[in-house]
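Peer 1: Hey, dropping model_31.csv in here, CSV, C-alpha atoms:
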chain,number,residue,atom,x,y,z
A,698,MET,CA,-34.9,-10.9,-56.3
A,699,ARG,CA,-33.4,-8.4,-58.7
A,700,ALA,CA,-36.7,-6.4,-58.6
A,701,VAL,CA,-36.5,-6.4,-54.8
A,702,ARG,CA,-33.0,-5.0,-54.9
A,703,ARG,CA,-33.9,-2.4,-57.3
A,704,ALA,CA,-36.9,-1.3,-55.3
A,705,ALA,CA,-34.7,-1.2,-52.1
A,706,LEU,CA,-32.1,0.9,-53.9
A,707,ALA,CA,-34.8,3.3,-55.3
A,708,PHE,CA,-36.2,3.7,-51.8
A,709,LEU,CA,-32.8,4.4,-50.3
A,710,LEU,CA,-32.1,7.0,-53.0
A,711,LEU,CA,-35.5,8.6,-52.3
A,712,CYS,CA,-34.7,8.9,-48.6
A,713,LEU,CA,-31.3,10.4,-49.4
A,714,LEU,CA,-32.9,12.9,-51.8
A,715,LEU,CA,-35.8,14.1,-49.7
A,716,PRO,CA,-33.8,16.1,-47.0
A,717,THR,CA,-31.8,17.9,-49.7
A,718,LEU,CA,-35.0,18.6,-51.7
A,719,SER,CA,-36.6,19.9,-48.6
A,720,ARG,CA,-34.0,22.5,-48.1
A,721,PHE,CA,-34.5,23.9,-51.6
A,722,VAL,CA,-38.3,23.9,-51.7
A,723,THR,CA,-39.0,25.4,-48.3
A,724,PRO,CA,-39.3,29.2,-48.2
A,725,PRO,CA,-38.0,31.1,-45.2
A,726,CYS,CA,-40.6,32.1,-42.6
A,727,THR,CA,-39.4,35.7,-43.1
A,728,ASP,CA,-40.8,35.6,-46.7
A,729,ARG,CA,-44.2,34.6,-45.6
A,730,GLU,CA,-47.0,37.0,-46.7
A,731,ARG,CA,-50.3,35.1,-46.5
A,732,PRO,CA,-51.9,34.9,-43.0
A,733,VAL,CA,-53.1,31.7,-41.5
A,734,GLU,CA,-55.1,30.8,-38.4
A,735,ILE,CA,-52.5,28.6,-36.8
A,736,ALA,CA,-48.7,28.3,-36.9
A,737,VAL,CA,-47.6,24.9,-35.7
A,738,VAL,CA,-44.1,25.0,-34.3
A,739,LEU,CA,-42.3,21.7,-34.1
A,740,GLY,CA,-39.9,21.0,-31.3
A,741,GLY,CA,-36.3,19.9,-31.7
A,742,GLY,CA,-33.5,19.5,-29.2
A,743,ALA,CA,-33.6,20.4,-25.6
A,744,SER,CA,-31.8,19.6,-22.3
A,745,ALA,CA,-32.0,20.3,-18.6
A,746,ARG,CA,-30.4,23.7,-19.4
A,747,GLY,CA,-33.3,24.7,-21.7
A,748,LEU,CA,-34.4,24.6,-25.3
A,749,GLY,CA,-31.7,23.8,-27.9
A,750,PRO,CA,-30.8,26.5,-30.4
A,751,ASP,CA,-32.8,24.7,-33.2
A,752,THR,CA,-36.0,24.6,-31.1
A,753,ALA,CA,-35.5,28.2,-29.9
A,754,SER,CA,-35.1,29.4,-33.5
A,755,ARG,CA,-38.3,27.7,-34.5
A,756,VAL,CA,-40.2,29.3,-31.6
A,757,ASP,CA,-38.8,32.7,-32.4
A,758,ALA,CA,-39.8,32.3,-36.1
A,759,GLY,CA,-43.4,31.4,-35.0
A,760,VAL,CA,-43.5,34.4,-32.7
A,761,ALA,CA,-42.3,36.6,-35.6
A,762,LEU,CA,-45.2,35.3,-37.7
A,763,PHE,CA,-47.6,36.2,-34.8
A,764,ASP,CA,-46.2,39.7,-34.4
A,765,ARG,CA,-46.5,40.3,-38.1
A,766,GLY,CA,-50.2,39.4,-38.0
A,767,LEU,CA,-49.5,36.3,-40.2
A,768,ALA,CA,-50.6,33.7,-37.6
A,769,ARG,CA,-53.5,34.2,-35.1
A,770,HIS,CA,-52.5,31.3,-32.8
A,771,LEU,CA,-49.3,29.4,-32.1
A,772,HIS,CA,-49.3,25.7,-31.4
A,773,MET,CA,-46.2,24.1,-29.9
A,774,THR,CA,-45.5,20.4,-30.2
A,775,GLY,CA,-42.7,18.4,-28.6
A,776,GLY,CA,-42.2,15.7,-26.0
A,777,GLY,CA,-39.2,15.1,-23.9
A,778,THR,CA,-38.0,17.1,-21.0
A,779,ALA,CA,-36.5,20.6,-21.0
A,780,GLN,CA,-35.5,23.0,-18.2
A,781,ASP,CA,-37.2,22.9,-14.8
A,782,GLY,CA,-38.9,19.5,-15.7
A,783,LEU,CA,-41.1,21.1,-18.3
A,784,THR,CA,-41.9,19.2,-21.5
A,785,ILE,CA,-40.4,20.6,-24.6
A,786,GLY,CA,-43.8,21.7,-25.8
A,787,ALA,CA,-44.5,23.5,-22.5
A,788,ALA,CA,-41.1,25.2,-22.6
A,789,MET,CA,-41.7,26.3,-26.1
A,790,ALA,CA,-45.1,27.8,-25.1
A,791,GLN,CA,-43.4,29.5,-22.2
A,792,ARG,CA,-40.8,31.1,-24.5
A,793,ALA,CA,-43.5,32.4,-26.8
A,794,ILE,CA,-45.5,33.9,-24.0
A,795,ALA,CA,-42.3,35.5,-22.5
A,796,ALA,CA,-41.8,37.1,-26.0
A,797,GLY,CA,-45.2,38.8,-25.8
A,798,VAL,CA,-47.7,36.3,-27.3
A,799,PRO,CA,-50.9,36.3,-25.1
A,800,PRO,CA,-51.3,33.0,-23.3
A,801,ALA,CA,-54.7,32.6,-24.8
A,802,GLN,CA,-53.1,32.5,-28.3
A,803,VAL,CA,-50.7,29.7,-27.4
A,804,SER,CA,-51.4,26.0,-27.1
A,805,TRP,CA,-49.1,23.0,-26.8
A,806,GLU,CA,-48.7,19.3,-26.4
A,807,GLY,CA,-45.8,17.6,-24.7
A,808,ALA,CA,-46.3,13.8,-25.3
A,809,SER,CA,-44.9,13.4,-28.8
A,810,GLN,CA,-41.6,11.6,-29.4
A,811,SER,CA,-41.5,11.8,-33.2
A,812,THR,CA,-42.7,13.9,-36.1
A,813,LEU,CA,-45.5,11.4,-36.7
A,814,GLU,CA,-46.6,11.8,-33.1
A,815,ASN,CA,-46.3,15.6,-33.4
A,816,ALA,CA,-48.9,15.4,-36.1
A,817,LEU,CA,-51.2,12.8,-34.5
A,818,PHE,CA,-51.1,14.3,-31.0
A,819,SER,CA,-51.7,17.9,-32.3
A,820,ARG,CA,-54.9,17.0,-34.1
A,821,PRO,CA,-57.2,18.1,-31.2
A,822,ALA,CA,-55.7,21.6,-31.2
A,823,LEU,CA,-55.9,22.0,-35.0
A,824,PRO,CA,-59.5,22.4,-36.3
A,825,ALA,CA,-59.9,20.7,-39.6
A,826,GLY,CA,-61.1,23.7,-41.5
A,827,GLU,CA,-58.4,26.2,-40.5
A,828,LYS,CA,-55.4,27.2,-42.6
A,829,ARG,CA,-52.1,26.4,-40.9
A,830,ILE,CA,-48.4,26.7,-41.5
A,831,LEU,CA,-45.7,24.3,-40.1
A,832,VAL,CA,-42.6,26.0,-38.7
A,833,THR,CA,-39.4,24.0,-38.5
A,834,GLU,CA,-35.9,23.9,-40.1
A,835,SER,CA,-35.7,23.5,-43.9
A,836,PHE,CA,-34.2,20.0,-44.0
A,837,HIS,CA,-37.1,18.8,-41.8
A,838,SER,CA,-40.0,20.6,-43.4
A,839,LEU,CA,-41.1,18.1,-46.1
A,840,ARG,CA,-41.2,15.3,-43.5
A,841,ALA,CA,-43.2,17.5,-41.2
A,842,ALA,CA,-45.6,18.3,-44.1
A,843,ALA,CA,-46.0,14.7,-45.0
A,844,SER,CA,-46.6,13.7,-41.4
A,845,PHE,CA,-49.3,16.3,-40.8
A,846,ALA,CA,-51.0,15.5,-44.2
A,847,TRP,CA,-51.0,11.8,-43.1
A,848,ALA,CA,-52.6,12.8,-39.8
A,849,GLY,CA,-55.3,14.7,-41.7
A,850,ARG,CA,-54.1,18.2,-40.8
A,851,PRO,CA,-52.1,19.4,-43.8
A,852,GLY,CA,-50.4,22.7,-43.8
A,853,ALA,CA,-48.0,25.0,-45.7
A,854,ILE,CA,-44.4,25.0,-44.6
A,855,CYS,CA,-41.8,27.7,-43.8
A,856,ALA,CA,-38.2,27.4,-42.6
A,857,ALA,CA,-36.9,28.9,-39.4
A,858,PRO,CA,-33.3,30.2,-39.4
A,859,ALA,CA,-31.0,27.2,-39.2
A,860,ALA,CA,-29.2,26.7,-35.9
A,861,ARG,CA,-25.4,26.9,-36.1
A,862,ARG,CA,-23.8,23.4,-36.1
A,863,SER,CA,-20.4,22.0,-36.4
A,864,ALA,CA,-19.5,19.9,-39.5
A,865,ARG,CA,-20.2,16.8,-37.5
A,866,GLY,CA,-23.5,18.1,-36.2
A,867,TRP,CA,-24.5,19.0,-39.8
A,868,LEU,CA,-23.7,15.5,-41.0
A,869,TRP,CA,-25.5,13.9,-38.1
A,870,THR,CA,-28.7,15.9,-38.7
A,871,ARG,CA,-28.7,15.0,-42.4
A,872,THR,CA,-28.0,11.3,-41.7
A,873,ARG,CA,-30.7,11.2,-39.1
A,874,GLU,CA,-33.2,12.9,-41.4
A,875,THR,CA,-32.5,10.3,-44.1
A,876,LEU,CA,-32.9,7.4,-41.6
A,877,ALA,CA,-36.1,9.1,-40.3
A,878,TRP,CA,-37.7,9.1,-43.8
A,879,GLY,CA,-36.7,5.4,-44.3
A,880,TRP,CA,-38.3,4.5,-40.9
A,881,ASN,CA,-41.3,6.8,-40.9
A,882,LEU,CA,-42.7,5.9,-44.3
A,883,PRO,CA,-43.3,2.2,-43.6
A,884,ARG,CA,-44.4,2.9,-40.0
A,885,ALA,CA,-47.1,5.4,-41.2
A,886,LEU,CA,-48.3,3.0,-43.9
A,887,VAL,CA,-48.6,0.1,-41.4
A,888,TRP,CA,-50.4,2.4,-38.8
A,889,SER,CA,-52.9,3.5,-41.5
A,890,ALA,CA,-53.5,-0.1,-42.7
A,891,ALA,CA,-54.0,-1.2,-39.1
A,892,ALA,CA,-56.5,1.6,-38.5
A,893,VAL,CA,-58.5,0.7,-41.6
A,894,THR,CA,-58.6,-3.0,-40.7
A,895,GLY,CA,-59.3,-2.4,-37.0
A,896,LEU,CA,-56.0,-3.9,-35.9
A,897,GLN,CA,-54.5,-0.6,-34.6
A,898,ASP,CA,-54.7,-1.8,-31.0
A,899,ALA,CA,-52.4,-4.7,-31.9
A,900,LEU,CA,-49.5,-2.4,-32.6
A,901,PRO,CA,-47.3,-1.5,-29.6
A,902,GLU,CA,-47.8,1.9,-28.0
A,903,THR,CA,-44.3,2.9,-29.1
A,904,TRP,CA,-44.9,2.2,-32.8
A,905,LEU,CA,-44.9,5.8,-33.8
A,906,GLU,CA,-42.1,7.0,-31.5
Could you express the structure from this file as structure tokens?

Peer 2:
Amino acid sequence: MRAVRRAALAFLLLCLLLPTLSRFVTPPCTDRERPVEIAVVLGGGASARGLGPDTASRVDAGVALFDRGLARHLHMTGGGTAQDGLTIGAAMAQRAIAAGVPPAQVSWEGASQSTLENALFSRPALPAGEKRILVTESFHSLRAAASFAWAGRPGAICAAPAARRSARGWLWTRTRETLAWGWNLPRALVWSAAAVTGLQDALPETWLE
């Protein structure tokens, strides 16, 4: 029992550490110099009034990479509903196109409800042999990188400018990120084990949400 408690404490400390570590190891997208074929922009908040400031910042960072010739294609990923009934992914693509990215150079998916699903549902739009970079906020980037590596589509990471938040909002995002690590790691392991053993269909459809 003591070993179980120690393991649980170690896991909790790891989940607490990872969001902070993520902030320190993720370079800003503005520092990016090496070009890639695809920049994958991960969705965040949105409402009926439009994309939230965090999501808008991520899209703009992806557009900046495209404009600098550092990404040939932008892929937007995010479920949920934004303005005018669009999915978040579609609204993100719309914002990029409005900023001057040719429609043919933008793809999107709008079914994902979690970072694990961002990665899994984006696989068809991400050829296995192409280099890619994941664009999100710094505290989220390591979890994004782990999720896309788990889905077989690993990529480098860069941080979009952080959206302005109140102290309460800042605390909530960090708490949520810690909880997400604690919830996503075992879910991903169970999903992978089920896939290997042929029991994937036994899991509920909402397992990765």

Peer 1: Using all atoms listed in the file, which residue out of A:Thr752, A:Gln780, A:Ser819, A:Asn881 lies closest to Ala843 in chain A?

Peer 2: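 Checking each candidate against Ala843 in chain A, we get A:Asn881 as the closest.
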
Peer 1: To one decimal in Å, tell me the separation between CA of Val760 in chain A and CA of Ala859 in chain A.

Peer 2: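 That distance, rounded to one decimal, is 15.8 Å.
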
Peer 1: Quick one: distance from CA of Val756 in chain A to CA of Leu868 in chain A in Å, one decimal?

Peer 2: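 A separation of 23.5 Å between them.
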
Peer 1: Closest to Trp880 in chain A among A:Ser804, A:Gly741, A:Ala853, A:Phe708, using all atoms listed in the file?

Peer 2: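 Distance minimum relative to Trp880 in chain A lands on A:Phe708.
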
Peer 1: Find the nearest atom pair between each residue of range 755-819 of chain A and range 717-735 of chain A for residues within 6 Å, count all atoms listed in the file, give distances in Å to one decimal, sort rows by chain and ascending number, and present the table as a Markdown table.

Peer 2:
| residue | atom | partner | partner_atom | distance |
| --- | --- | --- | --- | --- |
| A:Leu767 | CA | A:Pro732 | CA | 3.9 |
| A:Ala768 | CA | A:Val733 | CA | 5.0 |
| A:Arg769 | CA | A:Glu734 | CA | 5.0 |
| A:His770 | CA | A:Ile735 | CA | 4.8 |
| A:Leu771 | CA | A:Ile735 | CA | 5.7 |
